[in-house]
Amino acid sequence: MPKVIITGGGWSGVAAAVRAVKMGAETVIAEKTDLLLGLGNVGGIMRNNGRYTAAEENICLGASELFDITDKLSTHKNVDFPGHDHACFYNVVAVEPEVRRLLKKLGAEILLRTRVTDVEKEGDCITAVKTADGRKLTGDVFVETTGSSGPMGNCMRYGNGCSMCILRCPAFGPRVSITEKSGLDDLYARKPDGTRGAFSGSCKLEKSSLSKKLRKKLESDGFVVVPLPKELINRDKLAKKVCRQYALDSFAENIILIDTGYAKLMSPYFDLEQLRTVEGFENARFADPYAGGKGNSIRYMSVGVRDDYMRACGIDNLFLGGEKSGFFIGHTEAITTGSLAGYNAVSQALGKELLRLPESLATGDLLTFANKVLKEDDCLDRRFTFAGGEYFQRMKDRGLYLTDDRLIRKKVEKEGLLDIYNR
């Protein structure tokens, strides 16, 4: 039985673990905080725009488990809000315990508060990763899904300071790049002004701090759009956002809230004193990031280079997922990359042929396209998501954007990949 060590327990790491353990591998997740899912604890949006297609493709491929959970915990379904259709909003308060129970039921070993800080290598292969408390985790194959946010110094230097986001670097320690520790060079994104990284695209308000009228509409419709007075409109924030699918004028001209258990404010930050001048927000209070009145976490500071099998270029037994594997945005994208990374990691350990998702599927086309872009001059300025921006337009242009489950299933079946992850 091969042993897989997964560094990082966000959506991508969890997806990799589900696939690895279901293939019969001994599977260990090392997560530096006390919570799984990382940014999934503040996200909450699924199935909007092309993410619907990608979710259904993953389900047809055999990776249904995590989508089953988010679908079950979605308090609002098939919601149309500015720039986005047929979205689902899952409850971010309830999702992490449910995912943790799934992993334990499957038999994955979860090591929380376990920060990986270094690697041991023999030639072009990793033999073990080392933790901050002196442990050594040996394995046959390794999957890195550490994300690209932090450490705190990056948020101080390239953002507006540490906002104490859900990743909580001051409490649990900074993220460490396994690819860099292995001797590889990481990529970083650029903002329009040339500085590194990008702001996380949203923050949370305590629902109880909003007016009764706003809470009622938020909980009945799933979202609220509140027009801003001209003096509070700030279009500059749109260019700084990591989430290009929300870099639309309507997200600058309005306060847009989404019900995810909290009131998800679709802005990277919003001056609290100014926010409280808007009707219904007189008592507004941020939940995460707690300094959301000033800033947010800085992401895309450590993106690895990988092949179309999700294997790190330069290390034979290291696979990448989530933001670590490209300039990807979102939970669906993380589950897509993590599932393939976990599946191929075990396949390699077993000496089996690796899986490359075909470009006839949106999930495969995204991975191949993102790699091709790395050869272009503006590669560090571009972001990719099924939900909007450049890649969603590509989906539509290539006929990859589908919302008919039967047609999606037929495409996967035609490629001979139906339930491939569970064969």
# chains A, B, ... in the order shown; residues from 1 in each chain; ligands from 1

call {"tool": "residues_around", "arguments": {"residues": "region 367-378 of chain A", "least_positions_apart": "5", "cutoff": "12 Å", "atoms": "only C-alpha atoms", "output": "VMD selection string"}}
result
chain A and resid 54 187 to 192 194 303 to 311 313 320 to 323 325 to 329 333 to 334 336 to 338 340 to 341 356 to 362 383 to 386 390 to 391 394 to 395

call {"tool": "residues_around", "arguments": {"residues": "Asp140 (chain A)", "least_positions_apart": "5", "cutoff": "12 Å", "atoms": "only C-alpha atoms", "output": "list in words"}}
result
Met1, Pro2, Lys3, Val4, Ile5, Ile6, Ala25, Glu26, Thr27, Val28, Lys121, Glu122, Cys125, Ile126, Thr127, Ala128, Val129, Asp316, Asn317, Leu318, Phe319, Ala345, Val346, Ser347, Gln348, Ala349, Leu350 and Gly351 of chain A

call {"tool": "residues_around", "arguments": {"residues": "Leu37 (chain A)", "least_positions_apart": "2", "cutoff": "8 Å", "atoms": "only C-alpha atoms", "output": "list in words"}}
result
Gly9, Gly10, Trp11, Val14, Leu35, Leu39, Gly40, Asn41 and Glu96 of chain A

call {"tool": "write_last_selection", "arguments": {"atoms": "N, CA and C atoms", "output": "PDB file, in the first residue's frame"}}
result
ATOM      1  N   GLY A   9      -4.543  21.463   4.124  1.00  0.00           N
ATOM      2  CA  GLY A   9      -5.862  20.836   4.236  1.00  0.00           C
ATOM      3  C   GLY A   9      -6.998  21.696   3.755  1.00  0.00           C
ATOM      4  N   GLY A  10      -6.766  22.539   2.730  1.00  0.00           N
ATOM      5  CA  GLY A  10      -7.857  23.299   2.134  1.00  0.00           C
ATOM      6  C   GLY A  10      -8.707  22.406   1.240  1.00  0.00           C
ATOM      7  N   TRP A  11      -9.575  23.026   0.441  1.00  0.00           N
ATOM      8  CA  TRP A  11     -10.433  22.232  -0.440  1.00  0.00           C
ATOM      9  C   TRP A  11      -9.609  21.316  -1.346  1.00  0.00           C
ATOM     10  N   VAL A  14      -8.022  18.403   0.719  1.00  0.00           N
ATOM     11  CA  VAL A  14      -9.075  17.466   1.097  1.00  0.00           C
ATOM     12  C   VAL A  14      -9.498  16.629  -0.109  1.00  0.00           C
ATOM     13  N   LEU A  35      -8.214  24.034  11.610  1.00  0.00           N
ATOM     14  CA  LEU A  35      -9.390  23.839  10.766  1.00  0.00           C
ATOM     15  C   LEU A  35      -8.971  23.331   9.391  1.00  0.00           C
ATOM     16  N   LEU A  39      -9.592  28.678   3.031  1.00  0.00           N
ATOM     17  CA  LEU A  39     -10.454  29.737   2.536  1.00  0.00           C
ATOM     18  C   LEU A  39     -11.877  29.253   2.276  1.00  0.00           C
ATOM     19  N   GLY A  40     -12.085  27.938   2.286  1.00  0.00           N
ATOM     20  CA  GLY A  40     -13.440  27.404   2.174  1.00  0.00           C
ATOM     21  C   GLY A  40     -14.313  27.767   3.351  1.00  0.00           C
ATOM     22  N   ASN A  41     -13.688  28.165   4.456  1.00  0.00           N
ATOM     23  CA  ASN A  41     -14.445  28.599   5.625  1.00  0.00           C
ATOM     24  C   ASN A  41     -14.942  30.033   5.506  1.00  0.00           C
ATOM     25  N   GLU A  96     -17.070  22.702   7.470  1.00  0.00           N
ATOM     26  CA  GLU A  96     -15.805  22.082   7.879  1.00  0.00           C
ATOM     27  C   GLU A  96     -16.013  20.828   8.724  1.00  0.00           C
TER      28      GLU A  96
END

call {"tool": "residues_around", "arguments": {"residues": "Phe281 (chain A)", "least_positions_apart": "6", "cutoff": "8 Å", "atoms": "only C-alpha atoms", "output": "PyMOL selection string"}}
result
chain A and resi 209-211+275

call {"tool": "atom_distance", "arguments": {"atom1": "CA of Ser297 (chain A)", "atom2": "CA of Cys162 (chain A)"}}
result
7.0 Å

call {"tool": "select_by_dssp", "arguments": {"residues": "region 76-178 of chain A", "states": "strand (DSSP E)", "output": "compact mmCIF listing (two decimals) with N, CA, C and O atoms, in the first residue's frame"}}
result
# COMPACT_ATOMS: atom_id res chain seq x y z
N HIS A 76 -29.18 28.41 -0.13
CA HIS A 76 -29.79 29.10 -1.27
C HIS A 76 -29.26 28.45 -2.54
O HIS A 76 -28.05 28.30 -2.72
N LYS A 77 -30.17 28.07 -3.43
CA LYS A 77 -29.78 27.38 -4.66
C LYS A 77 -30.37 28.08 -5.88
O LYS A 77 -31.42 28.70 -5.80
N ASN A 78 -29.64 27.94 -7.00
CA ASN A 78 -30.09 28.50 -8.27
C ASN A 78 -30.36 30.00 -8.18
O ASN A 78 -31.39 30.50 -8.62
N VAL A 79 -29.41 30.71 -7.58
CA VAL A 79 -29.54 32.15 -7.36
C VAL A 79 -28.82 32.91 -8.48
O VAL A 79 -27.68 32.60 -8.83
N ASP A 80 -29.50 33.90 -9.04
CA ASP A 80 -28.88 34.81 -10.00
C ASP A 80 -28.58 36.13 -9.30
O ASP A 80 -29.49 36.76 -8.75
N PHE A 81 -27.31 36.52 -9.26
CA PHE A 81 -26.92 37.81 -8.70
C PHE A 81 -26.00 38.49 -9.70
O PHE A 81 -25.64 37.87 -10.71
N HIS A 84 -23.69 36.76 -12.38
CA HIS A 84 -23.59 35.33 -12.08
C HIS A 84 -24.96 34.67 -12.10
O HIS A 84 -25.93 35.22 -11.58
N ASP A 85 -25.01 33.48 -12.68
CA ASP A 85 -26.26 32.73 -12.77
C ASP A 85 -26.16 31.41 -12.02
O ASP A 85 -25.08 30.87 -11.82
N HIS A 86 -27.31 30.91 -11.63
CA HIS A 86 -27.54 29.59 -11.00
C HIS A 86 -26.50 29.25 -9.92
O HIS A 86 -25.96 28.14 -9.88
N ALA A 87 -26.23 30.19 -9.05
CA ALA A 87 -25.26 29.96 -7.97
C ALA A 87 -25.90 29.26 -6.78
O ALA A 87 -27.11 29.33 -6.57
N CYS A 88 -25.08 28.58 -6.01
CA CYS A 88 -25.48 28.01 -4.73
C CYS A 88 -24.59 28.60 -3.64
O CYS A 88 -23.38 28.75 -3.85
N PHE A 89 -25.18 28.91 -2.49
CA PHE A 89 -24.42 29.44 -1.36
C PHE A 89 -24.48 28.44 -0.21
O PHE A 89 -25.55 28.18 0.35
N TYR A 90 -23.32 27.85 0.11
CA TYR A 90 -23.32 26.90 1.22
C TYR A 90 -23.00 27.59 2.54
O TYR A 90 -22.41 28.67 2.57
N GLU A 109 -5.80 10.03 7.72
CA GLU A 109 -5.24 10.54 8.97
C GLU A 109 -5.08 12.05 8.85
O GLU A 109 -4.46 12.55 7.90
N ILE A 110 -5.65 12.78 9.79
CA ILE A 110 -5.62 14.24 9.77
C ILE A 110 -4.71 14.73 10.88
O ILE A 110 -4.97 14.47 12.07
N LEU A 111 -3.65 15.45 10.51
CA LEU A 111 -2.72 16.02 11.50
C LEU A 111 -2.92 17.53 11.50
O LEU A 111 -2.40 18.24 10.65
N VAL A 116 4.35 22.01 8.03
CA VAL A 116 5.50 21.43 7.33
C VAL A 116 6.47 22.55 6.97
O VAL A 116 6.08 23.57 6.41
N THR A 117 7.74 22.37 7.30
CA THR A 117 8.72 23.44 7.14
C THR A 117 9.90 23.08 6.24
O THR A 117 10.66 23.96 5.84
N ASP A 118 10.08 21.79 5.91
CA ASP A 118 11.24 21.43 5.10
C ASP A 118 11.02 20.06 4.47
O ASP A 118 10.05 19.36 4.79
N VAL A 119 11.94 19.67 3.59
CA VAL A 119 11.85 18.38 2.92
C VAL A 119 13.19 17.66 3.00
O VAL A 119 14.22 18.27 3.22
N GLU A 120 13.14 16.34 2.82
CA GLU A 120 14.32 15.54 2.59
C GLU A 120 14.20 14.92 1.22
O GLU A 120 13.12 14.46 0.82
N LYS A 121 15.30 14.92 0.48
CA LYS A 121 15.28 14.45 -0.90
C LYS A 121 16.38 13.42 -1.15
O LYS A 121 17.41 13.42 -0.48
N GLU A 122 16.11 12.58 -2.14
CA GLU A 122 17.14 11.73 -2.74
C GLU A 122 17.01 11.91 -4.24
O GLU A 122 16.03 11.49 -4.84
N CYS A 125 13.57 13.08 -6.04
CA CYS A 125 12.40 12.60 -5.30
C CYS A 125 12.45 13.06 -3.84
O CYS A 125 13.53 13.12 -3.23
N ILE A 126 11.30 13.41 -3.31
CA ILE A 126 11.18 13.71 -1.88
C ILE A 126 11.00 12.39 -1.13
O ILE A 126 10.24 11.52 -1.55
N THR A 127 11.68 12.24 -0.03
CA THR A 127 11.53 11.04 0.81
C THR A 127 10.74 11.33 2.07
O THR A 127 10.12 10.42 2.63
N ALA A 128 10.77 12.59 2.52
CA ALA A 128 10.05 12.94 3.74
C ALA A 128 9.88 14.45 3.82
O ALA A 128 10.61 15.21 3.18
N VAL A 129 8.88 14.88 4.59
CA VAL A 129 8.74 16.29 4.93
C VAL A 129 8.92 16.42 6.44
O VAL A 129 8.57 15.52 7.20
N LYS A 130 9.48 17.55 6.83
CA LYS A 130 9.73 17.81 8.25
C LYS A 130 8.74 18.85 8.77
O LYS A 130 8.36 19.77 8.04
N THR A 131 8.35 18.71 10.03
CA THR A 131 7.40 19.64 10.63
C THR A 131 8.09 20.57 11.61
O THR A 131 9.21 20.30 12.07
N LYS A 136 9.04 13.89 11.40
CA LYS A 136 9.39 13.59 10.03
C LYS A 136 8.30 12.69 9.47
O LYS A 136 8.02 11.61 10.02
N LEU A 137 7.68 13.12 8.36
CA LEU A 137 6.61 12.35 7.74
C LEU A 137 7.14 11.76 6.44
O LEU A 137 7.39 12.48 5.48
N THR A 138 7.34 10.45 6.42
CA THR A 138 7.86 9.78 5.24
C THR A 138 6.71 9.32 4.36
O THR A 138 5.62 9.01 4.84
N VAL A 141 4.73 9.22 -2.19
CA VAL A 141 4.40 10.36 -3.04
C VAL A 141 3.88 11.48 -2.15
O VAL A 141 3.37 11.24 -1.05
N PHE A 142 3.98 12.72 -2.66
CA PHE A 142 3.62 13.88 -1.87
C PHE A 142 2.74 14.80 -2.72
O PHE A 142 2.93 14.92 -3.93
N VAL A 143 1.80 15.44 -2.05
CA VAL A 143 0.92 16.40 -2.72
C VAL A 143 1.00 17.71 -1.94
O VAL A 143 0.77 17.72 -0.72
N GLU A 144 1.34 18.78 -2.64
CA GLU A 144 1.37 20.09 -1.97
C GLU A 144 0.16 20.92 -2.37
O GLU A 144 -0.06 21.19 -3.55
